[in-house]
Amino acid sequence: MSVTHNIEKVFHATAASLGIAIGPALVIRELHKSYAEPEDKVIPPEDSDCEVERFNVALDQARDELEELRVRIQGVLEEREANVFDAHLMIVDDKMLMDEVEDMIRRHHHCAEYSFFKVVDRYVTAISVMPDPYIKERAADIKDVASRVLGLMLNRQGVALDKLTEKSIVIAHDLSPSATATLDREKVLAFVIETGSNTSHTAILARSMQIPAIVGAKGVMQDVENGDLLIVDGFVGTVIVLPEGDTRKLYEAKATREEKFYVDLMRESKLRSETTDGFAVQLAANLESLDEVESAIKFGMYGVGLFRTEYMYMTPGKRPGEEELFNTFRKLIAEINGKPVVIRTLDIGGDKLADNLGVINETNPFLGLRAIRLCLKQERQLLREQIRAILRASAYGNLKIMFPMVSCSEEIVELKSIMQECMGQLDREGRNFNKNIEVGIMIETPAAVAVADVLAEMVDFFSIGTNDLVQYTSAIDRDNEAVAYLYRPEHPAILKMINQVMEAARNKGIWVSVCGEMAGDPRYTPLLVGLGVHEFSMNSVAIGAIRRIIRKLSLHEAEEVAKRAMACRTSDDALNESLQLLAKISPDITELAFKGI
Ligand code: PEP
Ligand code: MG
């Protein structure tokens with residue numbers, strides 16, 4: 001929605017990552033269909049293999065997309081028109097053209113996108129001057145396919161977002177999690193996208209990377225031009241285009257208040273996260289890469305409750321092997337000084353795609369071959385590499401292994417048997433590892449909740465993935481801004497499910513973490529404490545605020561609130577129970593996080 005005040009325009013959308021940013025807009029119009037010469041970058045000879053691989057990955061993906069399009073339009077278009085895609089497919093399979101590109105990369109050291117463009121453009125120029133109109137038209141086909149391949153190589157944005165030259169606020173229709181992961185934090189002051197919701201992985205990454213972000217800002221692309229001055233308020237989800245002088249001053253003051261608030265919280269980072277009546281909660285960090293460790297330590301994390309390994313596979317052409325995984329986990333253990341670390345095996349699929357893993361083109365990807373399903377069905381070797389690397393690293397610190405997306409006990413049996421095989425191999429190879437490594441699962445499907453009593457007998461801990469649990473329970477695509485209003489972790493159904501999981505865990509004596517975004521959202525802290533959750537794992541920026549709240553809560557009071565919330569008839573009523581207590585014990589946090597200026 002947009003409102004116009006003179007020239008200043010204000011957009012309200014979903015706040016996805018806290019912080020205030022003021023700076024010029026960089027509007028990313030999709031260049032997927034544009035045919036333009038990319039920047040010529042020189043590639044060191046030792047990177048040639050990688051560059052050729054990047055090119056091949058883009059070609060493979062373009063081929064997959066074209067094949068899918070071909071299938072989709074069959075029966076919709078005339079056969080003759082559908083044949084266009086066959087012509088396009090022939091272009092991505094043209095051996096001569098591909099060899100020329102490879103030659104330009106290897107012998108002349110140009111980057112993949114530039115080499116590809118130059119080779120293709122020679123063909124286009126030659127064909128365009130042909131007298132035969134049919135042949136002439138083929139130039140358009142070649143350009144079309146070339147734009148697709150170029151778009152894929154440039155992350156579809158046509159701008160290398162990891163190499164911006166000026167500090168900017170990025171405005172785009174969409175940003176994939178992999179494109180977000182490569183954003184240059186020094187240069188991207190904030191981003192605003194038209195799609196997505198608060199728990200889409202793009203939003204989660206923004207929080208981890210500490211980049212203020214707003215999602216679901218429909219129509220923002222229309223009203224912002226490159227270079228327009230913008231203010232992004234990631235606390236309340238406001239974007240102000242061309243702010244007037246007074247507005248700018250107000251937000252500069254808010255940014256200063258925000259900074260002071262976090263500096264104050266930082267002073268409390270060594271204090272115990274314990275309620276006034278002695279219930280201790282471990283505050284852990286969710287990490288996507290080693291780059292985040294330093295700030296997680298600064299914010300006072302107790303350990304790593306969730307290390308999302310999938311981001312190691314998202315660089316095109318990159319597929320880390322066992323050694324690279326092992327080295328990363330060892331480094332992580334070393335950097336956090338013996339604190340506990342939970343490594344989650346690959347959770348790719350859904351909205352997180354890796355070009356080099358075969359998980360594209362599903363009709364319902366969130367219900368498809370995601371996480372352990374993909375690993376057990378078609379990436380067993382990869383799963384073994386991950387398990388072996390985690391086991392080997394377990395010899396060096398307090399490492400635990402966790403499996404995502406479990407929906408039945410059979411999966412745990414299968415996963416444990418693969419673990420046993422890996423342990424046997426490592427034994428035979430004479431390698432050290434922790435034979436009693438703790439094994440946990442994510443509880444993020446309603447089926448896992450319903451049989452939590454059975455699953456609790458099979459593992460050492462649970463980690464409740466509320467992001468997915470809400471998605472699968474309330475049947476809300478967590479990426480879809482149109483149904484974001486129904487996405488309510490405070491829905492009494494979800495609270496009752498968490499309670500059921502806690503009861504099952506208590507009966508079997510295992511511990512429980514919550515690692516969904518709910519754990520780092522102050523609005524829910526009284527509820528989760530009241531339900532007796534042992535560990536909260538979250539983006540590290542949130543740790544300070546959650547610690548402050550926990551230290552002001554009494555377990556007894558929180559339990560009462562949780563009980564009342566579970567009995568509420570509506571999500572609003574349940575949330576109000578929590579907010580009332582929060583406002584009483586910690587008005588400062590309510591003030592900063594949930595109110596406009
Ligand atoms: C979750 O589902 O809550 C979770 C933490 O996993 P992810 O967000 O990576 O799906
Ligand atoms: Mg999940």
# chains A, B, ... in the order shown; residues from 1 in each chain; ligands from 1

call {"tool": "select_by_dssp", "arguments": {"residues": "region 244-362 of chain A", "states": "strand (DSSP E or B)", "output": "list in words"}}
result
Glu274, Ala280, Gln282, Leu283, Ala284, Ala285, Asn286, Leu287, Gly303, Val304, Gly305, Leu306, Phe307, Arg308, Val341, Val342, Ile343, Arg344, Gly349 and Lys352 of chain A

call {"tool": "residues_around", "arguments": {"residues": "Leu164 (chain A)", "least_positions_apart": "5", "cutoff": "9 Å", "atoms": "only C-alpha atoms", "output": "number ranges by chain"}}
result
A: 159, 183-184, 187-188

call {"tool": "residues_around", "arguments": {"residues": "region 501-506 of chain A", "least_positions_apart": "4", "cutoff": "8 Å", "atoms": "only C-alpha atoms", "output": "list of chain:residue names"}}
result
A:Val449, A:Ala452, A:Asp453, A:Ala456, A:Phe461, A:Phe462, A:Met497, A:Ile510, A:Trp511, A:Val512, A:Leu531, A:Gly532, A:Val533

call {"tool": "write_last_selection", "arguments": {"atoms": "N, CA, C and O atoms", "output": "PDB file, in the first residue's frame"}}
result
ATOM      1  N   VAL A 449       4.942 -34.089  15.572  1.00  0.00           N
ATOM      2  CA  VAL A 449       4.364 -33.683  16.862  1.00  0.00           C
ATOM      3  C   VAL A 449       3.469 -34.797  17.390  1.00  0.00           C
ATOM      4  O   VAL A 449       3.562 -35.192  18.557  1.00  0.00           O
ATOM      5  N   ALA A 452       5.446 -37.554  18.812  1.00  0.00           N
ATOM      6  CA  ALA A 452       6.635 -37.088  19.546  1.00  0.00           C
ATOM      7  C   ALA A 452       7.010 -38.061  20.663  1.00  0.00           C
ATOM      8  O   ALA A 452       8.189 -38.241  20.972  1.00  0.00           O
ATOM      9  N   ASP A 453       6.000 -38.729  21.260  1.00  0.00           N
ATOM     10  CA  ASP A 453       6.316 -39.680  22.333  1.00  0.00           C
ATOM     11  C   ASP A 453       7.170 -40.835  21.803  1.00  0.00           C
ATOM     12  O   ASP A 453       8.110 -41.281  22.451  1.00  0.00           O
ATOM     13  N   ALA A 456      10.701 -39.429  20.774  1.00  0.00           N
ATOM     14  CA  ALA A 456      11.535 -39.045  21.929  1.00  0.00           C
ATOM     15  C   ALA A 456      12.345 -40.230  22.452  1.00  0.00           C
ATOM     16  O   ALA A 456      13.374 -40.048  23.106  1.00  0.00           O
ATOM     17  N   PHE A 461      17.644 -35.254  21.603  1.00  0.00           N
ATOM     18  CA  PHE A 461      17.007 -33.937  21.770  1.00  0.00           C
ATOM     19  C   PHE A 461      16.091 -33.633  20.586  1.00  0.00           C
ATOM     20  O   PHE A 461      16.200 -34.247  19.517  1.00  0.00           O
ATOM     21  N   PHE A 462      15.196 -32.704  20.846  1.00  0.00           N
ATOM     22  CA  PHE A 462      14.312 -32.177  19.799  1.00  0.00           C
ATOM     23  C   PHE A 462      14.649 -30.704  19.580  1.00  0.00           C
ATOM     24  O   PHE A 462      14.987 -30.003  20.543  1.00  0.00           O
ATOM     25  N   MET A 497       0.645 -27.668  20.338  1.00  0.00           N
ATOM     26  CA  MET A 497       1.581 -28.641  19.771  1.00  0.00           C
ATOM     27  C   MET A 497       2.929 -28.568  20.481  1.00  0.00           C
ATOM     28  O   MET A 497       3.550 -29.589  20.777  1.00  0.00           O
ATOM     29  N   ILE A 510      14.428 -35.981  27.608  1.00  0.00           N
ATOM     30  CA  ILE A 510      15.308 -35.333  26.627  1.00  0.00           C
ATOM     31  C   ILE A 510      15.054 -33.822  26.620  1.00  0.00           C
ATOM     32  O   ILE A 510      13.993 -33.362  27.038  1.00  0.00           O
ATOM     33  N   TRP A 511      16.038 -33.070  26.152  1.00  0.00           N
ATOM     34  CA  TRP A 511      15.889 -31.611  26.160  1.00  0.00           C
ATOM     35  C   TRP A 511      15.322 -31.104  24.828  1.00  0.00           C
ATOM     36  O   TRP A 511      15.419 -31.775  23.800  1.00  0.00           O
ATOM     37  N   VAL A 512      14.766 -29.882  24.897  1.00  0.00           N
ATOM     38  CA  VAL A 512      14.091 -29.322  23.720  1.00  0.00           C
ATOM     39  C   VAL A 512      14.527 -27.887  23.474  1.00  0.00           C
ATOM     40  O   VAL A 512      14.606 -27.070  24.384  1.00  0.00           O
ATOM     41  N   LEU A 531       6.045 -22.525  28.503  1.00  0.00           N
ATOM     42  CA  LEU A 531       5.872 -23.905  28.034  1.00  0.00           C
ATOM     43  C   LEU A 531       7.064 -24.777  28.448  1.00  0.00           C
ATOM     44  O   LEU A 531       7.068 -25.981  28.232  1.00  0.00           O
ATOM     45  N   GLY A 532       8.086 -24.159  29.014  1.00  0.00           N
ATOM     46  CA  GLY A 532       9.208 -24.917  29.581  1.00  0.00           C
ATOM     47  C   GLY A 532      10.326 -25.253  28.611  1.00  0.00           C
ATOM     48  O   GLY A 532      11.134 -26.155  28.863  1.00  0.00           O
ATOM     49  N   VAL A 533      10.409 -24.521  27.488  1.00  0.00           N
ATOM     50  CA  VAL A 533      11.456 -24.795  26.485  1.00  0.00           C
ATOM     51  C   VAL A 533      12.844 -24.548  27.104  1.00  0.00           C
ATOM     52  O   VAL A 533      13.052 -23.545  27.789  1.00  0.00           O
TER      53      VAL A 533
END

call {"tool": "residues_near_ligand", "arguments": {"ligand": "ligand 2", "cutoff": "10 Å", "atoms": "only C-alpha atoms and all ligand atoms", "output": "list in words"}}
result
Thr199, His201, Arg308, Asp347, Ile348, Gly350, Phe366, Arg370, Ala371, Pro404, Met405, Met442, Ile443, Glu444, Thr445, Ser463, Ile464, Gly465, Thr466, Asn467, Asp468, Leu469, Val470, Gln471, Cys515 and Gly516 of chain A

call {"tool": "residues_around", "arguments": {"residues": "region 174-182 of chain A", "least_positions_apart": "5", "cutoff": "6 Å", "atoms": "only C-alpha atoms", "output": "ChimeraX atom specification"}}
result
/A:162,193,195,201-202,314

call {"tool": "write_last_selection", "arguments": {"atoms": "N, CA and C atoms", "output": "PDB file, in the first residue's frame"}}
result
ATOM      1  N   ASP A 162      27.078  -8.889  -5.009  1.00  0.00           N
ATOM      2  CA  ASP A 162      28.198  -9.036  -4.077  1.00  0.00           C
ATOM      3  C   ASP A 162      29.322  -8.052  -4.403  1.00  0.00           C
ATOM      4  N   ILE A 193      11.905  -5.921  -0.645  1.00  0.00           N
ATOM      5  CA  ILE A 193      11.428  -6.716  -1.787  1.00  0.00           C
ATOM      6  C   ILE A 193       9.905  -6.788  -1.780  1.00  0.00           C
ATOM      7  N   THR A 195       8.079  -9.395  -2.560  1.00  0.00           N
ATOM      8  CA  THR A 195       7.542 -10.714  -2.225  1.00  0.00           C
ATOM      9  C   THR A 195       7.996 -11.129  -0.833  1.00  0.00           C
ATOM     10  N   HIS A 201      13.183 -17.720   3.947  1.00  0.00           N
ATOM     11  CA  HIS A 201      14.612 -17.818   4.252  1.00  0.00           C
ATOM     12  C   HIS A 201      15.374 -16.541   3.893  1.00  0.00           C
ATOM     13  N   THR A 202      14.838 -15.781   2.945  1.00  0.00           N
ATOM     14  CA  THR A 202      15.456 -14.505   2.606  1.00  0.00           C
ATOM     15  C   THR A 202      15.395 -13.568   3.828  1.00  0.00           C
ATOM     16  N   MET A 314      25.309 -23.378  -1.872  1.00  0.00           N
ATOM     17  CA  MET A 314      24.530 -22.467  -2.717  1.00  0.00           C
ATOM     18  C   MET A 314      25.345 -21.634  -3.687  1.00  0.00           C
TER      19      MET A 314
END

call {"tool": "atom_distance", "arguments": {"atom1": "CA of Leu189 (chain A)", "atom2": "CA of Leu287 (chain A)"}}
result
20.6 Å

call {"tool": "atom_distance", "arguments": {"atom1": "CA of Leu367 (chain A)", "atom2": "CA of Asp479 (chain A)"}}
result
13.3 Å

call {"tool": "closest_residue", "arguments": {"among": "A:Ala567, A:Ala450, A:Leu528, A:Leu205", "to": "ligand 1", "atoms": "only C-alpha atoms and all ligand atoms"}}
result
A:Leu205

call {"tool": "residues_around", "arguments": {"residues": "Pro320 (chain A)", "least_positions_apart": "3", "cutoff": "12 Å", "atoms": "only C-alpha atoms", "output": "list of chain:residue names"}}
result
A:Thr309, A:Glu310, A:Tyr311, A:Met312, A:Tyr313, A:Met314, A:Thr315, A:Pro316, A:Gly317, A:Glu323, A:Glu324, A:Leu325, A:Phe326, A:Asn327, A:Thr328, A:Leu346, A:Asn356, A:Leu357, A:Leu382, A:Leu383, A:Glu385, A:Gln386, A:Ala389

call {"tool": "residues_around", "arguments": {"residues": "Pro526 (chain A)", "least_positions_apart": "5", "cutoff": "8 Å", "atoms": "only C-alpha atoms", "output": "PyMOL selection string"}}
result
chain A and resi 550+553+558+561-562+578+581-582

call {"tool": "residues_around", "arguments": {"residues": "Gly23 (chain A)", "least_positions_apart": "3", "cutoff": "8 Å", "atoms": "only C-alpha atoms", "output": "number ranges by chain"}}
result
A: 167-169, 189, 229-231

call {"tool": "atom_distance", "arguments": {"atom1": "CA of Gly237 (chain A)", "atom2": "CA of Val483 (chain A)"}}
result
17.0 Å

call {"tool": "closest_residue", "arguments": {"among": "A:Gln222, A:Ser208, A:Thr570, A:Ser147", "to": "ligand 1", "atoms": "only C-alpha atoms and all ligand atoms"}}
result
A:Ser208

call {"tool": "select_by_dssp", "arguments": {"residues": "region 350-563 of chain A", "states": "alpha helix (DSSP H)", "output": "PyMOL selection string"}}
result
chain A and resi 372-378+380-393+409-428+446-450+452-456+466-474+492-508+525-530+543-552+555-563

call {"tool": "closest_residue", "arguments": {"among": "A:Glu166, A:Asp572, A:Ala296, A:Ser407", "to": "Tyr485 (chain A)", "atoms": "only C-alpha atoms"}}
result
A:Asp572
